[in-house]
Amino acid sequence: MDYSRTEFQASLDSEQEGSTISESGSCDSYVDQPRLPSFADEHGLIELLEGDRAYDLIYRNCKSGLGDQCQLLSILRNGFRTHGSRAKLKSFQVFQEAVGMKHVGEGRVKYGWCAVTKTELKSVLEYGFSHPRNDGSYGRGLYLSPDNALLECVKDSAAEPEDGMRFMLLSRVLLGKSEIVPRGSTQSCPTSPEFDSGVDDLASPKKYIVWSTHMNTHVLPEFLVCIKTPSNFNRSPRRLRSPWMPFPVLIKGLSKFLPPSQIFIIQKHYRDQQNMRISRSELIQRVRRITGDKLLVHIIKAVGHKVQQH
């Protein structure tokens with residue numbers, strides 16, 4: 001889905017056939033409209049208002065993905081007002097052209113979601129991504145959720161401690177030709193020049209993987225959506241608790257079902273928790289994302305009862 005068309009992005013959109021939005025106006029058309037002066041101006045953003053085509057599309061997308069459990073506070077667009085942000089835009093255009101030439105005009109561009117914290121937002125918009133915050137289960141890079149999978153991205157994010165807000169970037173993602181990246185991969189770049197990005201599934205991807213080597217040339221942050229979630233949003237109705245099972249025992253049980261590469265990642269997360277780099281709840285969430293609840297519950301039941309008997 002194509003969400004906007006600005007004077008700076010016209011050349012980007014010219015190759016997007018079947019766009020749902022042909023013209024949302026230039027960035028200058030929003031200068032005199034009411035917006036969040038302190039926050040928006042500080043970050044070089046432009047607040048979109050109800051009735052704007054891009055606003056309406058993104059709003060419907062968010063409500064469809066999140067329902068009524070989240071409060072959508074504002075939708076803002078990157079104004080590309082600074083020299084750094086304009087340079088990033090030009091860089092994206094250059095790489096889109098290069099990927100299009102490599103794949104005979106098919107420089108595939110999609111929209112994807114990723115979460116950022118309030119403190120890192122300004123530097124991401126101005127300078128780009130530095131250290132993607134993810135569990136590393138699909139290699140080294142930036143993970144984005146497709147534009148129709150906002151809920152998964154929100155679940156992986158953390159609310160700001162002072163006000164409970166979450167900041168979700170909707171970016172153009174230059175995927176080009178994607179390769180499948182298995183869970184547990186330690187990959188950090190394409191396996192060959194033929195590929196430009198990775199996905200967890202070719203037919204129905206839930207994650208776009210943009211390698212660290214590409215994340216500041218193949219990802220263009222274009223919109224920011226500010227939302228507020230209920231305090232219990234990240235809590236699963238099925239809490240997995242095993243106070244009587246030592247974590248090394250759980251890992252040993254999982255090793256019978258998971259490949260060594262995934263066990264290595266789980267062991268790393270466990271060491272991080274032991275060294276107080278992450279909390280126990282974060283450790284559990286990361287393990288759940290790797291194993292899935294079905295397998296984890298099976299191991300806890302099977303191994304846990306044996307532990308209790310001793």
# chains A, B, ... in the order shown; residues from 1 in each chain; ligands from 1
>>> residues_around(residues="region 56-61 of chain A", least_positions_apart="2", cutoff="9 Å", atoms="only C-alpha atoms", output="PDB file with N, CA and C atoms, in the first residue's frame")
ATOM      1  N   MET A   1       0.845  -1.188   0.000  1.00  0.00           N
ATOM      2  CA  MET A   1       0.000   0.000   0.000  1.00  0.00           C
ATOM      3  C   MET A   1       0.883   1.241   0.000  1.00  0.00           C
ATOM      4  N   TYR A   3       1.274   5.065   0.895  1.00  0.00           N
ATOM      5  CA  TYR A   3       0.605   5.948   1.836  1.00  0.00           C
ATOM      6  C   TYR A   3       0.737   7.430   1.506  1.00  0.00           C
ATOM      7  N   THR A  20      -2.754   3.572  -3.996  1.00  0.00           N
ATOM      8  CA  THR A  20      -4.040   3.983  -3.455  1.00  0.00           C
ATOM      9  C   THR A  20      -4.099   5.481  -3.254  1.00  0.00           C
ATOM     10  N   LEU A  49      -3.531  15.442   9.632  1.00  0.00           N
ATOM     11  CA  LEU A  49      -4.844  15.653  10.215  1.00  0.00           C
ATOM     12  C   LEU A  49      -5.879  14.744   9.556  1.00  0.00           C
ATOM     13  N   GLU A  50      -6.946  14.501  10.283  1.00  0.00           N
ATOM     14  CA  GLU A  50      -8.031  13.696   9.743  1.00  0.00           C
ATOM     15  C   GLU A  50      -8.547  14.326   8.458  1.00  0.00           C
ATOM     16  N   GLY A  51      -8.745  13.513   7.448  1.00  0.00           N
ATOM     17  CA  GLY A  51      -9.146  14.015   6.141  1.00  0.00           C
ATOM     18  C   GLY A  51      -8.018  13.956   5.134  1.00  0.00           C
ATOM     19  N   ASP A  52      -6.779  13.981   5.621  1.00  0.00           N
ATOM     20  CA  ASP A  52      -5.633  13.769   4.732  1.00  0.00           C
ATOM     21  C   ASP A  52      -5.626  12.313   4.286  1.00  0.00           C
ATOM     22  N   ARG A  53      -5.332  12.075   3.032  1.00  0.00           N
ATOM     23  CA  ARG A  53      -5.415  10.711   2.494  1.00  0.00           C
ATOM     24  C   ARG A  53      -4.468   9.760   3.213  1.00  0.00           C
ATOM     25  N   ALA A  54      -3.243  10.224   3.434  1.00  0.00           N
ATOM     26  CA  ALA A  54      -2.281   9.371   4.119  1.00  0.00           C
ATOM     27  C   ALA A  54      -2.743   9.090   5.543  1.00  0.00           C
ATOM     28  N   LYS A  63      -6.287   0.831  13.084  1.00  0.00           N
ATOM     29  CA  LYS A  63      -7.489   0.350  13.763  1.00  0.00           C
ATOM     30  C   LYS A  63      -7.789  -1.089  13.378  1.00  0.00           C
ATOM     31  N   SER A  64      -7.518  -1.438  12.130  1.00  0.00           N
ATOM     32  CA  SER A  64      -7.736  -2.810  11.678  1.00  0.00           C
ATOM     33  C   SER A  64      -6.786  -3.770  12.384  1.00  0.00           C
ATOM     34  N   GLY A  65      -5.542  -3.323  12.578  1.00  0.00           N
ATOM     35  CA  GLY A  65      -4.546  -4.200  13.184  1.00  0.00           C
ATOM     36  C   GLY A  65      -4.601  -4.249  14.697  1.00  0.00           C
ATOM     37  N   LEU A  66      -5.013  -3.142  15.327  1.00  0.00           N
ATOM     38  CA  LEU A  66      -4.969  -3.049  16.781  1.00  0.00           C
ATOM     39  C   LEU A  66      -6.339  -3.081  17.436  1.00  0.00           C
ATOM     40  N   LEU A  72      -4.812   5.662  19.488  1.00  0.00           N
ATOM     41  CA  LEU A  72      -3.958   6.295  18.486  1.00  0.00           C
ATOM     42  C   LEU A  72      -3.936   7.802  18.754  1.00  0.00           C
ATOM     43  N   ILE A  75      -0.503  10.950  14.118  1.00  0.00           N
ATOM     44  CA  ILE A  75       0.212  10.425  12.951  1.00  0.00           C
ATOM     45  C   ILE A  75       1.001  11.573  12.360  1.00  0.00           C
ATOM     46  N   ASP A 147       3.293  -3.905   6.695  1.00  0.00           N
ATOM     47  CA  ASP A 147       2.371  -2.845   7.115  1.00  0.00           C
ATOM     48  C   ASP A 147       1.016  -3.378   7.577  1.00  0.00           C
ATOM     49  N   ASN A 148       0.704  -4.631   7.252  1.00  0.00           N
ATOM     50  CA  ASN A 148      -0.556  -5.216   7.730  1.00  0.00           C
ATOM     51  C   ASN A 148      -0.360  -6.059   9.000  1.00  0.00           C
ATOM     52  N   LEU A 150       0.910  -4.693  12.155  1.00  0.00           N
ATOM     53  CA  LEU A 150       1.322  -3.738  13.183  1.00  0.00           C
ATOM     54  C   LEU A 150       1.277  -4.352  14.575  1.00  0.00           C
ATOM     55  N   VAL A 225       3.825   6.939  14.018  1.00  0.00           N
ATOM     56  CA  VAL A 225       2.522   6.787  14.659  1.00  0.00           C
ATOM     57  C   VAL A 225       2.753   6.677  16.160  1.00  0.00           C
TER      58      VAL A 225
END
>>> select_by_dssp(residues="region 48-179 of chain A", states="alpha helix (DSSP H)", output="ChimeraX atom specification")
/A:53-66,83-102,118-126,150-155
>>> write_last_selection(atoms="N, CA and C atoms", output="compact mmCIF listing (two decimals), in the first residue's frame")
# COMPACT_ATOMS: atom_id res chain seq x y z
N ARG A 53 -5.33 12.07 3.03
CA ARG A 53 -5.41 10.71 2.49
C ARG A 53 -4.47 9.76 3.21
N ALA A 54 -3.24 10.22 3.43
CA ALA A 54 -2.28 9.37 4.12
C ALA A 54 -2.74 9.09 5.54
N TYR A 55 -3.24 10.12 6.24
CA TYR A 55 -3.74 9.93 7.60
C TYR A 55 -4.85 8.89 7.63
N ASP A 56 -5.81 9.03 6.73
CA ASP A 56 -6.96 8.13 6.74
C ASP A 56 -6.56 6.68 6.47
N LEU A 57 -5.63 6.50 5.53
CA LEU A 57 -5.18 5.13 5.23
C LEU A 57 -4.45 4.51 6.41
N ILE A 58 -3.54 5.28 7.00
CA ILE A 58 -2.78 4.75 8.13
C ILE A 58 -3.68 4.52 9.33
N TYR A 59 -4.62 5.44 9.56
CA TYR A 59 -5.54 5.30 10.68
C TYR A 59 -6.36 4.01 10.53
N ARG A 60 -6.90 3.78 9.34
CA ARG A 60 -7.70 2.56 9.12
C ARG A 60 -6.83 1.31 9.28
N ASN A 61 -5.59 1.40 8.80
CA ASN A 61 -4.67 0.27 8.94
C ASN A 61 -4.41 -0.02 10.41
N CYS A 62 -4.18 1.02 11.20
CA CYS A 62 -3.90 0.85 12.62
C CYS A 62 -5.11 0.29 13.36
N LYS A 63 -6.29 0.83 13.08
CA LYS A 63 -7.49 0.35 13.76
C LYS A 63 -7.79 -1.09 13.38
N SER A 64 -7.52 -1.44 12.13
CA SER A 64 -7.74 -2.81 11.68
C SER A 64 -6.79 -3.77 12.38
N GLY A 65 -5.54 -3.32 12.58
CA GLY A 65 -4.55 -4.20 13.18
C GLY A 65 -4.60 -4.25 14.70
N LEU A 66 -5.01 -3.14 15.33
CA LEU A 66 -4.97 -3.05 16.78
C LEU A 66 -6.34 -3.08 17.44
N HIS A 83 19.47 18.61 6.34
CA HIS A 83 20.41 18.13 5.32
C HIS A 83 20.61 16.62 5.45
N GLY A 84 20.69 16.14 6.70
CA GLY A 84 20.90 14.70 6.90
C GLY A 84 19.74 13.87 6.40
N SER A 85 18.52 14.30 6.69
CA SER A 85 17.36 13.52 6.26
C SER A 85 17.19 13.58 4.74
N ARG A 86 17.50 14.73 4.15
CA ARG A 86 17.43 14.82 2.68
C ARG A 86 18.48 13.93 2.03
N ALA A 87 19.65 13.86 2.65
CA ALA A 87 20.70 12.97 2.13
C ALA A 87 20.26 11.51 2.19
N LYS A 88 19.57 11.15 3.28
CA LYS A 88 19.07 9.78 3.39
C LYS A 88 18.03 9.49 2.31
N LEU A 89 17.19 10.48 2.02
CA LEU A 89 16.19 10.31 0.97
C LEU A 89 16.86 10.08 -0.38
N LYS A 90 17.86 10.91 -0.68
CA LYS A 90 18.58 10.77 -1.96
C LYS A 90 19.29 9.41 -2.02
N SER A 91 19.87 9.00 -0.91
CA SER A 91 20.56 7.71 -0.88
C SER A 91 19.59 6.58 -1.16
N PHE A 92 18.40 6.65 -0.57
CA PHE A 92 17.40 5.62 -0.81
C PHE A 92 17.02 5.58 -2.28
N GLN A 93 16.88 6.75 -2.89
CA GLN A 93 16.54 6.81 -4.31
C GLN A 93 17.62 6.16 -5.17
N VAL A 94 18.88 6.44 -4.83
CA VAL A 94 19.99 5.88 -5.59
C VAL A 94 20.00 4.37 -5.49
N PHE A 95 19.82 3.86 -4.29
CA PHE A 95 19.85 2.41 -4.10
C PHE A 95 18.62 1.75 -4.70
N GLN A 96 17.49 2.43 -4.69
CA GLN A 96 16.31 1.86 -5.33
C GLN A 96 16.54 1.72 -6.83
N GLU A 97 17.17 2.72 -7.41
CA GLU A 97 17.48 2.66 -8.84
C GLU A 97 18.46 1.52 -9.13
N ALA A 98 19.48 1.39 -8.26
CA ALA A 98 20.49 0.35 -8.47
C ALA A 98 19.88 -1.04 -8.35
N VAL A 99 19.03 -1.25 -7.35
CA VAL A 99 18.39 -2.55 -7.17
C VAL A 99 17.44 -2.83 -8.34
N GLY A 100 16.76 -1.79 -8.82
CA GLY A 100 15.88 -1.95 -9.97
C GLY A 100 16.64 -2.36 -11.22
N MET A 101 17.82 -1.79 -11.40
CA MET A 101 18.64 -2.17 -12.56
C MET A 101 19.14 -3.60 -12.42
N LYS A 102 19.50 -4.00 -11.19
CA LYS A 102 20.01 -5.35 -10.98
C LYS A 102 18.95 -6.41 -11.26
N LYS A 118 11.62 7.01 22.37
CA LYS A 118 11.56 8.47 22.22
C LYS A 118 12.95 9.08 22.18
N THR A 119 13.87 8.52 22.95
CA THR A 119 15.22 9.09 23.00
C THR A 119 16.01 8.85 21.73
N GLU A 120 15.73 7.75 21.02
CA GLU A 120 16.50 7.47 19.82
C GLU A 120 15.83 7.96 18.54
N LEU A 121 14.59 8.45 18.64
CA LEU A 121 13.83 8.84 17.46
C LEU A 121 14.54 9.90 16.63
N LYS A 122 15.00 10.95 17.28
CA LYS A 122 15.61 12.06 16.55
C LYS A 122 16.86 11.63 15.80
N SER A 123 17.70 10.83 16.44
CA SER A 123 18.93 10.38 15.78
C SER A 123 18.63 9.42 14.63
N VAL A 124 17.58 8.60 14.78
CA VAL A 124 17.20 7.69 13.70
C VAL A 124 16.76 8.48 12.47
N LEU A 125 15.95 9.52 12.68
CA LEU A 125 15.46 10.33 11.56
C LEU A 125 16.59 11.12 10.90
N GLU A 126 17.54 11.58 11.70
CA GLU A 126 18.61 12.42 11.17
C GLU A 126 19.78 11.60 10.63
N LEU A 150 0.91 -4.69 12.15
CA LEU A 150 1.32 -3.74 13.18
C LEU A 150 1.28 -4.35 14.58
N LEU A 151 0.29 -5.19 14.85
CA LEU A 151 0.13 -5.75 16.18
C LEU A 151 1.39 -6.49 16.63
N GLU A 152 1.98 -7.27 15.74
CA GLU A 152 3.18 -8.02 16.10
C GLU A 152 4.32 -7.07 16.47
N CYS A 153 4.41 -5.96 15.74
CA CYS A 153 5.46 -4.99 16.02
C CYS A 153 5.23 -4.31 17.37
N VAL A 154 3.99 -3.96 17.65
CA VAL A 154 3.67 -3.31 18.92
C VAL A 154 3.96 -4.25 20.09
N LYS A 155 3.64 -5.54 19.92
CA LYS A 155 3.90 -6.51 20.99
C LYS A 155 5.38 -6.61 21.31
>>> select_by_dssp(residues="region 100-185 of chain A", states="strand (DSSP E or B)", output="VMD selection string")
chain A and resid 109 to 116 137 to 139 141 to 146 165 to 174 178 to 180 185
>>> write_last_selection(atoms="N, CA, C and O atoms", output="CSV table (one decimal), in the first residue's frame")
chain,number,residue,atom,x,y,z
A,109,VAL,N,9.7,-2.4,-3.4
A,109,VAL,CA,9.6,-1.6,-2.2
A,109,VAL,C,8.3,-1.9,-1.5
A,109,VAL,O,7.2,-1.9,-2.1
A,110,LYS,N,8.4,-2.1,-0.2
A,110,LYS,CA,7.2,-2.3,0.7
A,110,LYS,C,7.2,-1.4,1.8
A,110,LYS,O,8.3,-0.7,2.1
A,111,TYR,N,6.1,-1.3,2.6
A,111,TYR,CA,6.1,-0.5,3.8
A,111,TYR,C,6.3,-1.5,5.0
A,111,TYR,O,5.7,-2.6,4.9
A,112,GLY,N,7.0,-1.1,6.0
A,112,GLY,CA,7.2,-1.9,7.2
A,112,GLY,C,7.2,-1.1,8.4
A,112,GLY,O,7.6,0.0,8.4
A,113,TRP,N,6.8,-1.8,9.5
A,113,TRP,CA,6.8,-1.1,10.9
A,113,TRP,C,8.0,-1.5,11.7
A,113,TRP,O,8.5,-2.7,11.7
A,114,CYS,N,8.5,-0.6,12.4
A,114,CYS,CA,9.5,-0.9,13.5
A,114,CYS,C,9.3,0.1,14.6
A,114,CYS,O,8.9,1.2,14.4
A,115,ALA,N,9.6,-0.4,15.8
A,115,ALA,CA,9.4,0.5,17.0
A,115,ALA,C,10.7,1.2,17.4
A,115,ALA,O,11.8,0.6,17.2
A,116,VAL,N,10.6,2.4,17.8
A,116,VAL,CA,11.8,3.2,18.3
A,116,VAL,C,11.4,3.8,19.7
A,116,VAL,O,10.3,4.0,20.0
A,137,SER,N,17.2,-13.4,16.6
A,137,SER,CA,16.9,-14.7,16.2
A,137,SER,C,16.9,-14.9,14.7
A,137,SER,O,16.8,-16.0,14.2
A,138,TYR,N,17.0,-13.8,13.9
A,138,TYR,CA,17.0,-13.9,12.5
A,138,TYR,C,18.3,-13.2,12.0
A,138,TYR,O,18.3,-12.7,10.8
A,139,GLY,N,19.4,-13.3,12.7
A,139,GLY,CA,20.6,-12.7,12.3
A,139,GLY,C,20.7,-11.2,12.7
A,139,GLY,O,19.9,-10.7,13.4
A,141,GLY,N,20.6,-7.5,12.0
A,141,GLY,CA,19.9,-6.5,11.1
A,141,GLY,C,18.7,-5.9,11.8
A,141,GLY,O,18.5,-6.1,13.0
A,142,LEU,N,18.0,-5.2,11.0
A,142,LEU,CA,16.8,-4.5,11.4
A,142,LEU,C,15.6,-5.3,11.0
A,142,LEU,O,15.5,-5.7,9.8
A,143,TYR,N,14.7,-5.7,12.0
A,143,TYR,CA,13.6,-6.4,11.6
A,143,TYR,C,12.4,-5.5,11.6
A,143,TYR,O,12.1,-4.7,12.4
A,144,LEU,N,11.6,-5.6,10.5
A,144,LEU,CA,10.4,-4.8,10.3
A,144,LEU,C,9.2,-5.7,10.1
A,144,LEU,O,9.4,-6.8,9.5
A,145,SER,N,8.0,-5.3,10.6
A,145,SER,CA,6.8,-6.1,10.3
A,145,SER,C,6.1,-5.5,9.1
A,145,SER,O,6.1,-4.3,8.9
A,146,PRO,N,5.5,-6.3,8.2
A,146,PRO,CA,4.8,-5.8,7.1
A,146,PRO,C,3.7,-4.8,7.6
A,146,PRO,O,3.3,-4.8,8.7
A,165,MET,N,3.6,5.8,26.2
A,165,MET,CA,3.5,5.9,24.8
A,165,MET,C,4.4,4.9,24.1
A,165,MET,O,5.4,4.5,24.6
A,166,ARG,N,4.1,4.6,22.8
A,166,ARG,CA,4.9,3.8,22.0
A,166,ARG,C,5.1,4.5,20.6
A,166,ARG,O,4.1,5.1,20.1
A,167,PHE,N,6.2,4.5,20.1
A,167,PHE,CA,6.5,5.2,18.8
A,167,PHE,C,6.8,4.2,17.7
A,167,PHE,O,7.8,3.5,17.8
A,168,MET,N,6.0,4.2,16.7
A,168,MET,CA,6.1,3.2,15.7
A,168,MET,C,6.4,3.9,14.4
A,168,MET,O,5.6,4.8,13.9
A,169,LEU,N,7.5,3.5,13.8
A,169,LEU,CA,7.9,4.1,12.5
A,169,LEU,C,7.4,3.2,11.3
A,169,LEU,O,7.5,2.0,11.4
A,170,LEU,N,6.7,3.9,10.4
A,170,LEU,CA,6.3,3.2,9.2
A,170,LEU,C,7.2,3.7,8.1
A,170,LEU,O,7.3,4.9,7.7
A,171,SER,N,8.0,2.8,7.5
A,171,SER,CA,9.1,3.1,6.6
A,171,SER,C,8.9,2.4,5.3
A,171,SER,O,8.3,1.3,5.2
A,172,ARG,N,9.5,3.0,4.3
A,172,ARG,CA,9.6,2.4,3.0
A,172,ARG,C,10.8,1.4,3.1
A,172,ARG,O,11.9,1.8,3.6
A,173,VAL,N,10.6,0.2,2.7
A,173,VAL,CA,11.7,-0.9,2.8
A,173,VAL,C,12.0,-1.4,1.4
A,173,VAL,O,11.2,-1.9,0.7
A,174,LEU,N,13.3,-1.2,1.0
A,174,LEU,CA,13.7,-1.6,-0.3
A,174,LEU,C,14.1,-3.1,-0.2
A,174,LEU,O,15.2,-3.4,0.3
A,178,SER,N,14.3,-11.1,-2.0
A,178,SER,CA,14.5,-11.6,-0.7
A,178,SER,C,14.8,-13.1,-0.6
A,178,SER,O,14.4,-13.8,-1.5
A,179,GLU,N,15.6,-13.5,0.4
A,179,GLU,CA,15.9,-14.9,0.6
A,179,GLU,C,15.3,-15.3,2.0
A,179,GLU,O,15.1,-14.4,2.9
A,180,ILE,N,15.0,-16.5,2.2
A,180,ILE,CA,14.5,-17.0,3.4
A,180,ILE,C,15.6,-17.1,4.5
A,180,ILE,O,16.7,-17.6,4.2
A,185,SER,N,19.3,-18.1,12.7
A,185,SER,CA,20.4,-17.7,11.8
A,185,SER,C,21.3,-16.7,12.5
A,185,SER,O,20.9,-15.9,13.3
>>> atom_distance(atom1="CA of Val210 (chain A)", atom2="CA of Arg277 (chain A)")
25.1 Å
>>> closest_atom_pairs(of="region 184-216 of chain A", to="region 253-274 of chain A", cutoff="12 Å", atoms="only C-alpha atoms", output="tab-separated table")
residue	atom	partner	partner_atom	distance
A:Gly184	CA	A:Gln262	CA	4.5
A:Ser185	CA	A:Ser261	CA	6.9
A:Thr186	CA	A:Ser261	CA	8.0
A:Gln187	CA	A:Ser261	CA	11.3
>>> write_last_selection(atoms="N, CA and C atoms", output="compact mmCIF listing (two decimals), in the first residue's frame")
# COMPACT_ATOMS: atom_id res chain seq x y z
N GLY A 184 17.09 -18.59 14.18
CA GLY A 184 18.34 -19.07 14.73
C GLY A 184 19.54 -18.75 13.87
N SER A 185 19.31 -18.07 12.75
CA SER A 185 20.41 -17.72 11.85
C SER A 185 21.34 -16.71 12.50
N THR A 186 22.62 -16.78 12.15
CA THR A 186 23.60 -15.78 12.59
C THR A 186 24.05 -14.92 11.41
N GLN A 187 23.28 -14.95 10.36
CA GLN A 187 23.60 -14.22 9.13
C GLN A 187 23.67 -12.72 9.39
>>> atom_distance(atom1="CA of Ser231 (chain A)", atom2="CA of Ser281 (chain A)")
15.4 Å
>>> atom_distance(atom1="CA of Pro221 (chain A)", atom2="CA of Ser204 (chain A)")
22.8 Å
